[in-house]
Amino acid sequence: MIVIGLTGSIGMGKSTTSGLFAEQGIPVNDADQVVHDLYRGQAVAPIQAVFPEVIVKGVVDRQRLSENLAKNPANFKRLESIVHPLVRACEADFLARHHKRGEPIVVLDIPLLFETGAEARVDKVVVVSCAEQVQRQRVMARPGMTKEKLDLILSRQVPDADKRARADYVIDTGQGIDMAREQVKTILEELRAKLARGDHA
Ligand SMILES: CC(C)(COP(=O)(O)OP(=O)(O)OC[C@H]1O[C@@H](n2cnc3c(N)ncnc32)[C@H](O)[C@@H]1O)[C@@H](O)C(=O)NCCC(=O)NCCS
Ligand SMILES: Nc1ncnc2c1ncn2[C@@H]1O[C@H](COP(=O)(O)OP(=O)(O)OP(=O)(O)O)[C@@H](O)[C@H]1O
């Protein structure tokens, strides 16, 4: 099984590109989505124990959590030490299920792939990227987003240029969805050809 690690900085188009892999029949595990699901389940109790003020109606309120982190960025570390092991367990479960099924290619969408050393757990790294100006425009268009929140998140991410330099493939998401789809198809063709030749390692 070839495990593709899909990553990219905030707003670069990970979720959209994950969707393009899914469209081609590739199973995708989305770490941001896993986090959001954990905030309605398994992560509630351990987060409540440390940040009781971010729990609203029995779930983790991401807006409140963001406010807490903006006031006290040191809390990122405490939060990540709770969340990341749970995310990792979901990822391992996803890989085991698809391996058992004999799935040839899967995608792990991991926003913090380089930051958390997840590079070592994947066979190929795909980085999504676009011009910084386009990235900022996309992110600032989101409800509740502020320049401060964006800069705080960017300060915790490996710069885009470094990501691109460390990638096996770079997908440019600045030229529209059809161009991105073509790039996804080309990558899959190349990987399928490698699998057929038995030289994907
Ligand atoms: C900070 C939180 C509350 C913001 O929630 P919100 O719904 O506004 O944004 P969302 O989750 O969609 O994330 C927005 C962008 O920020 C990035 N991001 C999220 N957490 C982090 C982090 N700890 N470090 C760097 N980037 C991060 C995401 O990958 C994404 O690109 C939320 O992202 C969170 O709880 N993060 C901590 C868990 C974590 O580390 N997740 C990263 C993937 S495992
Ligand atoms: N190939 C593309 N062509 C045109 N627009 C795109 C493309 N990819 C992404 N976008 C747009 O960019 C914005 C951000 O995309 P997306 O939500 O996929 O990014 P992300 O990397 O998952 O973001 P985050 O890391 O913040 O969760 C969306 O509005 C999306 O429609």
# chains A, B, ... in the order shown; residues from 1 in each chain; ligands from 1
$ select_by_dssp --residues "range 17-169 of chain A" --states "helix (DSSP H, G or I)" --output "ChimeraX atom specification"
/A:17-23,31-38,44-50,52-54,62-71,75-100,118-121,132-140,147-155,160-165
$ write_last_selection --atoms "C-alpha atoms" --output "PDB file, in the first residue's frame"
ATOM      1  CA  THR A  17      -7.477  18.575  -2.857  1.00  0.00           C
ATOM      2  CA  SER A  18      -8.378  15.709  -0.480  1.00  0.00           C
ATOM      3  CA  GLY A  19     -11.778  15.837  -2.125  1.00  0.00           C
ATOM      4  CA  LEU A  20     -10.130  15.461  -5.545  1.00  0.00           C
ATOM      5  CA  PHE A  21      -8.281  12.329  -4.378  1.00  0.00           C
ATOM      6  CA  ALA A  22     -11.563  10.976  -2.966  1.00  0.00           C
ATOM      7  CA  GLU A  23     -13.223  11.736  -6.323  1.00  0.00           C
ATOM      8  CA  ALA A  31      -6.709  15.051  10.470  1.00  0.00           C
ATOM      9  CA  ASP A  32      -8.494  18.424  10.894  1.00  0.00           C
ATOM     10  CA  GLN A  33     -11.831  16.617  10.522  1.00  0.00           C
ATOM     11  CA  VAL A  34     -10.701  13.961  13.011  1.00  0.00           C
ATOM     12  CA  VAL A  35      -9.918  16.758  15.497  1.00  0.00           C
ATOM     13  CA  HIS A  36     -13.355  18.287  14.984  1.00  0.00           C
ATOM     14  CA  ASP A  37     -14.990  14.880  15.575  1.00  0.00           C
ATOM     15  CA  LEU A  38     -12.862  14.254  18.688  1.00  0.00           C
ATOM     16  CA  VAL A  44     -14.067  16.411  25.558  1.00  0.00           C
ATOM     17  CA  ALA A  45     -13.180  14.949  28.971  1.00  0.00           C
ATOM     18  CA  PRO A  46      -9.393  15.476  28.843  1.00  0.00           C
ATOM     19  CA  ILE A  47      -9.815  19.029  27.459  1.00  0.00           C
ATOM     20  CA  GLN A  48     -12.460  19.870  30.053  1.00  0.00           C
ATOM     21  CA  ALA A  49      -9.982  18.868  32.764  1.00  0.00           C
ATOM     22  CA  VAL A  50      -7.451  21.471  31.538  1.00  0.00           C
ATOM     23  CA  PRO A  52     -13.053  23.948  31.425  1.00  0.00           C
ATOM     24  CA  GLU A  53     -14.112  27.343  29.973  1.00  0.00           C
ATOM     25  CA  VAL A  54     -13.988  26.064  26.364  1.00  0.00           C
ATOM     26  CA  ARG A  62     -13.571  25.882  18.724  1.00  0.00           C
ATOM     27  CA  GLN A  63     -14.285  29.614  18.821  1.00  0.00           C
ATOM     28  CA  ARG A  64     -13.706  29.709  22.576  1.00  0.00           C
ATOM     29  CA  LEU A  65     -10.676  27.499  22.223  1.00  0.00           C
ATOM     30  CA  SER A  66      -9.247  29.846  19.580  1.00  0.00           C
ATOM     31  CA  GLU A  67      -9.803  32.823  21.902  1.00  0.00           C
ATOM     32  CA  ASN A  68      -8.069  31.002  24.728  1.00  0.00           C
ATOM     33  CA  LEU A  69      -5.094  30.182  22.461  1.00  0.00           C
ATOM     34  CA  ALA A  70      -4.894  33.776  21.166  1.00  0.00           C
ATOM     35  CA  LYS A  71      -4.631  35.052  24.759  1.00  0.00           C
ATOM     36  CA  ASN A  75      -1.592  26.600  25.733  1.00  0.00           C
ATOM     37  CA  PHE A  76      -1.090  25.225  22.198  1.00  0.00           C
ATOM     38  CA  LYS A  77       1.482  22.824  23.603  1.00  0.00           C
ATOM     39  CA  ARG A  78      -0.836  21.565  26.352  1.00  0.00           C
ATOM     40  CA  LEU A  79      -3.708  21.177  23.890  1.00  0.00           C
ATOM     41  CA  GLU A  80      -1.563  19.405  21.299  1.00  0.00           C
ATOM     42  CA  SER A  81      -0.275  16.949  23.914  1.00  0.00           C
ATOM     43  CA  ILE A  82      -3.898  15.883  24.480  1.00  0.00           C
ATOM     44  CA  VAL A  83      -5.121  15.985  20.882  1.00  0.00           C
ATOM     45  CA  HIS A  84      -2.227  14.635  18.804  1.00  0.00           C
ATOM     46  CA  PRO A  85      -2.038  11.150  20.402  1.00  0.00           C
ATOM     47  CA  LEU A  86      -5.799  10.745  19.816  1.00  0.00           C
ATOM     48  CA  VAL A  87      -5.401  11.859  16.176  1.00  0.00           C
ATOM     49  CA  ARG A  88      -2.514   9.431  15.757  1.00  0.00           C
ATOM     50  CA  ALA A  89      -4.663   6.543  17.073  1.00  0.00           C
ATOM     51  CA  CYS A  90      -7.437   7.359  14.552  1.00  0.00           C
ATOM     52  CA  GLU A  91      -4.831   7.451  11.780  1.00  0.00           C
ATOM     53  CA  ALA A  92      -3.422   4.046  12.785  1.00  0.00           C
ATOM     54  CA  ASP A  93      -6.935   2.605  12.787  1.00  0.00           C
ATOM     55  CA  PHE A  94      -7.618   4.059   9.310  1.00  0.00           C
ATOM     56  CA  LEU A  95      -4.374   2.579   7.927  1.00  0.00           C
ATOM     57  CA  ALA A  96      -5.005  -0.841   9.482  1.00  0.00           C
ATOM     58  CA  ARG A  97      -8.542  -1.002   8.049  1.00  0.00           C
ATOM     59  CA  HIS A  98      -7.440  -0.110   4.523  1.00  0.00           C
ATOM     60  CA  HIS A  99      -4.358  -2.286   4.612  1.00  0.00           C
ATOM     61  CA  LYS A 100      -6.558  -5.243   5.538  1.00  0.00           C
ATOM     62  CA  ALA A 118       4.678  12.486  10.242  1.00  0.00           C
ATOM     63  CA  GLU A 119       6.887  12.516   7.132  1.00  0.00           C
ATOM     64  CA  ALA A 120       8.407   9.277   8.415  1.00  0.00           C
ATOM     65  CA  ARG A 121       5.009   7.520   8.385  1.00  0.00           C
ATOM     66  CA  GLU A 132       0.731  33.926  -0.402  1.00  0.00           C
ATOM     67  CA  GLN A 133      -1.625  36.731  -1.404  1.00  0.00           C
ATOM     68  CA  VAL A 134      -4.225  34.197  -2.612  1.00  0.00           C
ATOM     69  CA  GLN A 135      -3.779  32.169   0.591  1.00  0.00           C
ATOM     70  CA  ARG A 136      -4.371  35.230   2.799  1.00  0.00           C
ATOM     71  CA  GLN A 137      -7.423  36.287   0.772  1.00  0.00           C
ATOM     72  CA  ARG A 138      -8.925  32.802   1.111  1.00  0.00           C
ATOM     73  CA  VAL A 139      -8.349  32.601   4.851  1.00  0.00           C
ATOM     74  CA  MET A 140      -9.485  36.149   5.644  1.00  0.00           C
ATOM     75  CA  LYS A 147      -5.246  38.795  10.948  1.00  0.00           C
ATOM     76  CA  GLU A 148      -3.982  37.977  14.462  1.00  0.00           C
ATOM     77  CA  LYS A 149      -5.463  34.446  14.408  1.00  0.00           C
ATOM     78  CA  LEU A 150      -4.017  33.828  10.933  1.00  0.00           C
ATOM     79  CA  ASP A 151      -0.564  35.050  11.979  1.00  0.00           C
ATOM     80  CA  LEU A 152      -0.696  32.963  15.154  1.00  0.00           C
ATOM     81  CA  ILE A 153      -1.478  29.802  13.178  1.00  0.00           C
ATOM     82  CA  LEU A 154       1.143  30.617  10.511  1.00  0.00           C
ATOM     83  CA  SER A 155       3.749  31.105  13.256  1.00  0.00           C
ATOM     84  CA  ASP A 160       5.358  27.222   2.561  1.00  0.00           C
ATOM     85  CA  ALA A 161       8.707  27.488   0.718  1.00  0.00           C
ATOM     86  CA  ASP A 162      10.259  24.880   3.060  1.00  0.00           C
ATOM     87  CA  LYS A 163       7.280  22.591   2.581  1.00  0.00           C
ATOM     88  CA  ARG A 164       7.582  22.818  -1.200  1.00  0.00           C
ATOM     89  CA  ALA A 165      11.309  22.086  -1.022  1.00  0.00           C
TER      90      ALA A 165
END
$ closest_atom_pairs --of "chain A" --to "ligand 2" --cutoff "9 Å" --atoms "only C-alpha atoms and all ligand atoms" --output "tab-separated table"
residue	atom	partner	partner_atom_place_in_ligand_line	distance
A:Thr7	CA	ligand 2	21 (O)	7.8
A:Gly8	CA	ligand 2	21 (O)	6.1
A:Ser9	CA	ligand 2	25 (O)	5.9
A:Ile10	CA	ligand 2	25 (O)	3.6
A:Gly11	CA	ligand 2	23 (O)	3.6
A:Met12	CA	ligand 2	21 (O)	4.1
A:Gly13	CA	ligand 2	19 (O)	3.2
A:Lys14	CA	ligand 2	21 (O)	3.7
A:Ser15	CA	ligand 2	18 (O)	3.6
A:Thr16	CA	ligand 2	18 (O)	3.6
A:Thr17	CA	ligand 2	8 (N)	6.2
A:Ser18	CA	ligand 2	18 (O)	7.7
A:Gly19	CA	ligand 2	18 (O)	8.3
A:Asp32	CA	ligand 2	27 (O)	7.0
A:Asp109	CA	ligand 2	22 (O)	8.9
A:Pro111	CA	ligand 2	25 (O)	6.5
A:Val128	CA	ligand 2	21 (O)	7.5
A:Ser129	CA	ligand 2	21 (O)	8.6
A:Cys130	CA	ligand 2	8 (N)	8.8
A:Val134	CA	ligand 2	12 (O)	8.3
A:Gln135	CA	ligand 2	12 (O)	7.3
A:Gln137	CA	ligand 2	13 (C)	8.8
A:Arg138	CA	ligand 2	13 (C)	5.2
A:Val139	CA	ligand 2	26 (O)	6.6
A:Ala141	CA	ligand 2	29 (O)	8.1
A:Arg142	CA	ligand 2	29 (O)	8.4
A:Ile171	CA	ligand 2	1 (N)	8.4
A:Asp172	CA	ligand 2	1 (N)	7.0
A:Thr173	CA	ligand 2	1 (N)	3.7
A:Gly174	CA	ligand 2	3 (N)	5.6
A:Gln175	CA	ligand 2	3 (N)	5.7
A:Gly176	CA	ligand 2	3 (N)	3.3
A:Ile177	CA	ligand 2	1 (N)	3.8
A:Asp178	CA	ligand 2	1 (N)	7.0
A:Met179	CA	ligand 2	1 (N)	6.7
A:Ala180	CA	ligand 2	1 (N)	4.8
A:Arg181	CA	ligand 2	1 (N)	7.5
$ closest_residue --among "A:Arg156, A:Arg101, A:Lys124, A:Lys57" --to "ligand 1" --atoms "only C-alpha atoms and all ligand atoms"
A:Arg156
$ decode --residues "range 20-33 of chain A" --atoms "N, CA and C atoms" --output "mmCIF file, in the first residue's frame"
data_model
loop_
_atom_site.group_PDB
_atom_site.id
_atom_site.type_symbol
_atom_site.label_atom_id
_atom_site.label_comp_id
_atom_site.auth_asym_id
_atom_site.auth_seq_id
_atom_site.Cartn_x
_atom_site.Cartn_y
_atom_site.Cartn_z
ATOM 1 N N LEU A 20 -10.468 15.892 -4.178
ATOM 2 C CA LEU A 20 -10.130 15.461 -5.545
ATOM 3 C C LEU A 20 -9.555 14.048 -5.537
ATOM 4 N N PHE A 21 -8.774 13.710 -4.500
ATOM 5 C CA PHE A 21 -8.281 12.329 -4.378
ATOM 6 C C PHE A 21 -9.472 11.388 -4.131
ATOM 7 N N ALA A 22 -10.390 11.806 -3.271
ATOM 8 C CA ALA A 22 -11.563 10.976 -2.966
ATOM 9 C C ALA A 22 -12.392 10.745 -4.236
ATOM 10 N N GLU A 23 -12.504 11.808 -5.046
ATOM 11 C CA GLU A 23 -13.223 11.736 -6.323
ATOM 12 C C GLU A 23 -12.639 10.641 -7.232
ATOM 13 N N GLN A 24 -11.323 10.405 -7.101
ATOM 14 C CA GLN A 24 -10.649 9.369 -7.906
ATOM 15 C C GLN A 24 -10.709 8.005 -7.203
ATOM 16 N N GLY A 25 -11.500 7.914 -6.139
ATOM 17 C CA GLY A 25 -11.698 6.625 -5.462
ATOM 18 C C GLY A 25 -10.664 6.309 -4.395
ATOM 19 N N ILE A 26 -9.868 7.312 -4.009
ATOM 20 C CA ILE A 26 -8.821 7.079 -3.003
ATOM 21 C C ILE A 26 -9.366 7.377 -1.596
ATOM 22 N N PRO A 27 -9.220 6.428 -0.646
ATOM 23 C CA PRO A 27 -9.657 6.722 0.725
ATOM 24 C C PRO A 27 -8.784 7.812 1.370
ATOM 25 N N VAL A 28 -9.430 8.753 2.056
ATOM 26 C CA VAL A 28 -8.712 9.889 2.660
ATOM 27 C C VAL A 28 -9.013 9.969 4.148
ATOM 28 N N ASN A 29 -7.986 10.158 4.958
ATOM 29 C CA ASN A 29 -8.171 10.432 6.384
ATOM 30 C C ASN A 29 -7.765 11.888 6.639
ATOM 31 N N ASP A 30 -8.722 12.693 7.057
ATOM 32 C CA ASP A 30 -8.514 14.138 7.210
ATOM 33 C C ASP A 30 -8.288 14.463 8.695
ATOM 34 N N ALA A 31 -7.048 14.836 9.053
ATOM 35 C CA ALA A 31 -6.709 15.051 10.470
ATOM 36 C C ALA A 31 -7.504 16.206 11.089
ATOM 37 N N ASP A 32 -7.709 17.312 10.336
ATOM 38 C CA ASP A 32 -8.494 18.424 10.894
ATOM 39 C C ASP A 32 -9.917 17.953 11.207
ATOM 40 N N GLN A 33 -10.480 17.131 10.301
ATOM 41 C CA GLN A 33 -11.831 16.617 10.522
ATOM 42 C C GLN A 33 -11.857 15.667 11.722
#
